[in-house]
Amino acid sequence: MLRSLRNAFLSGLLVTLPLGITLFVLLFLVDHLGSPLSRLLFGQYAMARHIPAALSFAMDLLSTVIIVAALTGVGYISRYVVGRFFIRGTERIIDRLPFIRMLYGTSKQIIGTFSDGRRAIFQKAVLVEFPRNGLYAIGFLTGGCPDGLQGPGRESLVSVFVPTTPNPTSGFLLYVPAEVLIPLAMSIGDAMKAIISGGTFSPSSNGAQGGVEDGVPDVAGAGQ
């Protein structure tokens with residue numbers, strides 16, 4: 001009976017967890033984006049303590065919708081010449097501000113690296129021995145290493161990004177010989193899901209093609 005109750009609880013948790021995460025994100029946006037804008041738009045009325053809680057939440061929700069609509073509008077405008085001209089003009093002004101220029105440039109580079117609009121940064125999902133021999137981690141081939149950087153035997157190296165679990169936005173940058181990598185027969189998306197899920201996600205078809213001794217000519221080409 002206890003086992004049945006435990007399984008029922010876990011099943012209910014798995015069913016409701018996505019909904020709970022969605023509600024948490026929405027409430028976070030309303031609280032941290034909509035609420036400040038609501039105070040700006042509705043003034044002292046939004047900060048009054050005597051107004052009903054439902055009305056206060058409705059104003060915050062409306063402000064959040066306005067922010068989302070504004071961001072969507074900026075996205076559409078940025079596709080046209082007028083929008084691009086405005087964005088370039090704004091960036092030229094930011095470039096004249098020392099500290100803000102550094103902050104803006106760094107943020108833009110990070111966002112651009114993981115943006116779907118840019119070229120694919122991750123070229124292939126691979127297995128690499130990490131953090132020591134005999135242990136393997138999923139990594140993503142990102143390309144060759146910088147000029148002048150070679151292995152101890154002057155062999156060419158490739159760069160591999162090994163994300164952390166369950167937060168893949170941080171990780172380790174490795175420079176390894178291409179022949180020690182084991183390419184995976186799974187997409188980059190499936191490999192990322194496996195990392196985020198802590199290994200509980202299993203795509204319908206996965207596994208390694210070849211091995212260290214077989215060589216990986218398709219991966220090795222990225223180091224040239």
# chains A, B, ... in the order shown; residues from 1 in each chain; ligands from 1

call {"tool": "residues_around", "arguments": {"residues": "A:Leu26", "least_positions_apart": "6", "cutoff": "12 Å", "atoms": "only C-alpha atoms", "output": "ChimeraX atom specification"}}
result
/A:19-20,32-34,60-61,64-65,68

call {"tool": "write_last_selection", "arguments": {"atoms": "C-alpha atoms", "output": "PDB file, in the first residue's frame"}}
result
ATOM      1  CA  LEU A  19       2.462  23.164 -15.061  1.00  0.00           C
ATOM      2  CA  GLY A  20       3.999  24.322 -11.801  1.00  0.00           C
ATOM      3  CA  HIS A  32       9.631  41.397 -11.748  1.00  0.00           C
ATOM      4  CA  LEU A  33       8.522  42.959 -15.039  1.00  0.00           C
ATOM      5  CA  GLY A  34       4.836  43.780 -14.806  1.00  0.00           C
ATOM      6  CA  ASP A  60       0.589  43.795 -13.127  1.00  0.00           C
ATOM      7  CA  LEU A  61      -0.598  41.210 -15.656  1.00  0.00           C
ATOM      8  CA  THR A  64       3.442  42.268 -18.433  1.00  0.00           C
ATOM      9  CA  VAL A  65       1.367  41.856 -21.602  1.00  0.00           C
ATOM     10  CA  VAL A  68       5.725  41.270 -24.172  1.00  0.00           C
TER      11      VAL A  68
END

call {"tool": "closest_atom_pairs", "arguments": {"of": "stretch 22-140 of chain A", "to": "stretch 153-176 of chain A", "cutoff": "7 Å", "atoms": "only C-alpha atoms", "output": "tab-separated table"}}
result
residue	atom	partner	partner_atom	distance
A:Ile138	CA	A:Val162	CA	6.4
A:Gly139	CA	A:Val162	CA	4.3
A:Phe140	CA	A:Phe161	CA	5.2

call {"tool": "write_last_selection", "arguments": {"atoms": "C-alpha atoms", "output": "PDB file, in the first residue's frame"}}
result
ATOM      1  CA  ILE A 138      28.783  14.424 -23.136  1.00  0.00           C
ATOM      2  CA  GLY A 139      30.337  17.385 -24.885  1.00  0.00           C
ATOM      3  CA  PHE A 140      29.766  19.474 -27.972  1.00  0.00           C
TER       4      PHE A 140
END

call {"tool": "residues_around", "arguments": {"residues": "A:Ser63", "least_positions_apart": "2", "cutoff": "12 Å", "atoms": "only C-alpha atoms", "output": "PyMOL selection string"}}
result
chain A and resi 29-42+46+56-61+65-70

call {"tool": "select_by_dssp", "arguments": {"residues": "stretch 167-205 of chain A", "states": "strand (DSSP E)", "output": "list in words"}}
result
Gly171, Phe172, Leu173, Leu174, Tyr175, Val176, Pro177, Ile182 and Pro183 of chain A

call {"tool": "atom_distance", "arguments": {"atom1": "atom CA of A:Val180", "atom2": "atom CA of A:Gln123"}}
result
16.5 Å

call {"tool": "atom_distance", "arguments": {"atom1": "atom CA of A:Val15", "atom2": "atom CA of A:Thr200"}}
result
16.0 Å

call {"tool": "select_by_dssp", "arguments": {"residues": "stretch 31-99 of chain A", "states": "helix (DSSP H, G or I)", "output": "VMD selection string"}}
result
chain A and resid 31 to 42 44 to 47 53 to 77 81 to 94 98 to 99

call {"tool": "write_last_selection", "arguments": {"atoms": "C-alpha atoms", "output": "mmCIF file, in the first residue's frame"}}
result
data_model
loop_
_atom_site.group_PDB
_atom_site.id
_atom_site.type_symbol
_atom_site.label_atom_id
_atom_site.label_comp_id
_atom_site.auth_asym_id
_atom_site.auth_seq_id
_atom_site.Cartn_x
_atom_site.Cartn_y
_atom_site.Cartn_z
ATOM 1 C CA ASP A 31 6.275 40.216 -10.342
ATOM 2 C CA HIS A 32 9.631 41.397 -11.748
ATOM 3 C CA LEU A 33 8.522 42.959 -15.039
ATOM 4 C CA GLY A 34 4.836 43.780 -14.806
ATOM 5 C CA SER A 35 4.838 45.124 -11.259
ATOM 6 C CA PRO A 36 7.495 47.845 -11.810
ATOM 7 C CA LEU A 37 5.830 48.939 -15.063
ATOM 8 C CA SER A 38 2.442 48.895 -13.343
ATOM 9 C CA ARG A 39 3.713 51.371 -10.750
ATOM 10 C CA LEU A 40 5.023 53.538 -13.556
ATOM 11 C CA LEU A 41 1.828 53.429 -15.611
ATOM 12 C CA PHE A 42 -0.777 53.615 -12.862
ATOM 13 C CA GLN A 44 0.142 55.951 -6.769
ATOM 14 C CA TYR A 45 -3.051 53.999 -7.497
ATOM 15 C CA ALA A 46 -1.030 50.838 -8.214
ATOM 16 C CA MET A 47 0.836 51.195 -4.886
ATOM 17 C CA ALA A 53 -5.425 42.095 -4.571
ATOM 18 C CA ALA A 54 -7.157 40.836 -7.720
ATOM 19 C CA LEU A 55 -7.123 44.340 -9.230
ATOM 20 C CA SER A 56 -3.464 44.806 -8.345
ATOM 21 C CA PHE A 57 -2.596 41.481 -10.004
ATOM 22 C CA ALA A 58 -4.681 42.427 -13.057
ATOM 23 C CA MET A 59 -2.704 45.662 -13.454
ATOM 24 C CA ASP A 60 0.589 43.795 -13.127
ATOM 25 C CA LEU A 61 -0.598 41.210 -15.656
ATOM 26 C CA LEU A 62 -1.653 43.929 -18.085
ATOM 27 C CA SER A 63 1.738 45.599 -17.710
ATOM 28 C CA THR A 64 3.442 42.268 -18.433
ATOM 29 C CA VAL A 65 1.367 41.856 -21.602
ATOM 30 C CA ILE A 66 2.402 45.382 -22.655
ATOM 31 C CA ILE A 67 6.083 44.492 -22.160
ATOM 32 C CA VAL A 68 5.725 41.270 -24.172
ATOM 33 C CA ALA A 69 3.906 43.153 -26.937
ATOM 34 C CA ALA A 70 6.585 45.849 -26.956
ATOM 35 C CA LEU A 71 9.373 43.266 -27.225
ATOM 36 C CA THR A 72 7.499 41.535 -30.037
ATOM 37 C CA GLY A 73 7.145 44.865 -31.821
ATOM 38 C CA VAL A 74 10.857 45.561 -31.451
ATOM 39 C CA GLY A 75 11.558 42.136 -32.927
ATOM 40 C CA TYR A 76 9.427 42.869 -35.978
ATOM 41 C CA ILE A 77 10.859 46.367 -36.451
ATOM 42 C CA VAL A 81 15.850 48.885 -42.550
ATOM 43 C CA VAL A 82 14.369 51.545 -40.264
ATOM 44 C CA GLY A 83 14.659 49.301 -37.232
ATOM 45 C CA ARG A 84 18.217 48.287 -38.038
ATOM 46 C CA PHE A 85 19.161 51.935 -38.537
ATOM 47 C CA PHE A 86 17.707 52.786 -35.125
ATOM 48 C CA ILE A 87 19.507 49.844 -33.452
ATOM 49 C CA ARG A 88 22.856 50.788 -35.027
ATOM 50 C CA GLY A 89 22.374 54.391 -33.909
ATOM 51 C CA THR A 90 21.644 53.265 -30.363
ATOM 52 C CA GLU A 91 24.719 51.015 -30.352
ATOM 53 C CA ARG A 92 26.908 53.908 -31.543
ATOM 54 C CA ILE A 93 25.709 55.949 -28.567
ATOM 55 C CA ILE A 94 26.358 53.055 -26.182
ATOM 56 C CA PRO A 98 32.861 53.335 -21.087
ATOM 57 C CA PHE A 99 31.305 50.989 -18.502
#

call {"tool": "closest_residue", "arguments": {"among": "A:Ala178, A:Ala125, A:Gly143, A:Val25", "to": "A:Asp190", "atoms": "only C-alpha atoms"}}
result
A:Ala125

call {"tool": "closest_residue", "arguments": {"among": "A:Arg79, A:Ile182, A:Ile196, A:Phe28", "to": "A:Tyr136", "atoms": "only C-alpha atoms"}}
result
A:Ile182

call {"tool": "closest_residue", "arguments": {"among": "A:Ile100, A:Ile121, A:Met1, A:Leu14", "to": "A:Gly144", "atoms": "only C-alpha atoms"}}
result
A:Ile121

call {"tool": "closest_residue", "arguments": {"among": "A:Val126, A:Ala137, A:Ala185, A:Met102", "to": "A:Gly198", "atoms": "only C-alpha atoms"}}
result
A:Ala137
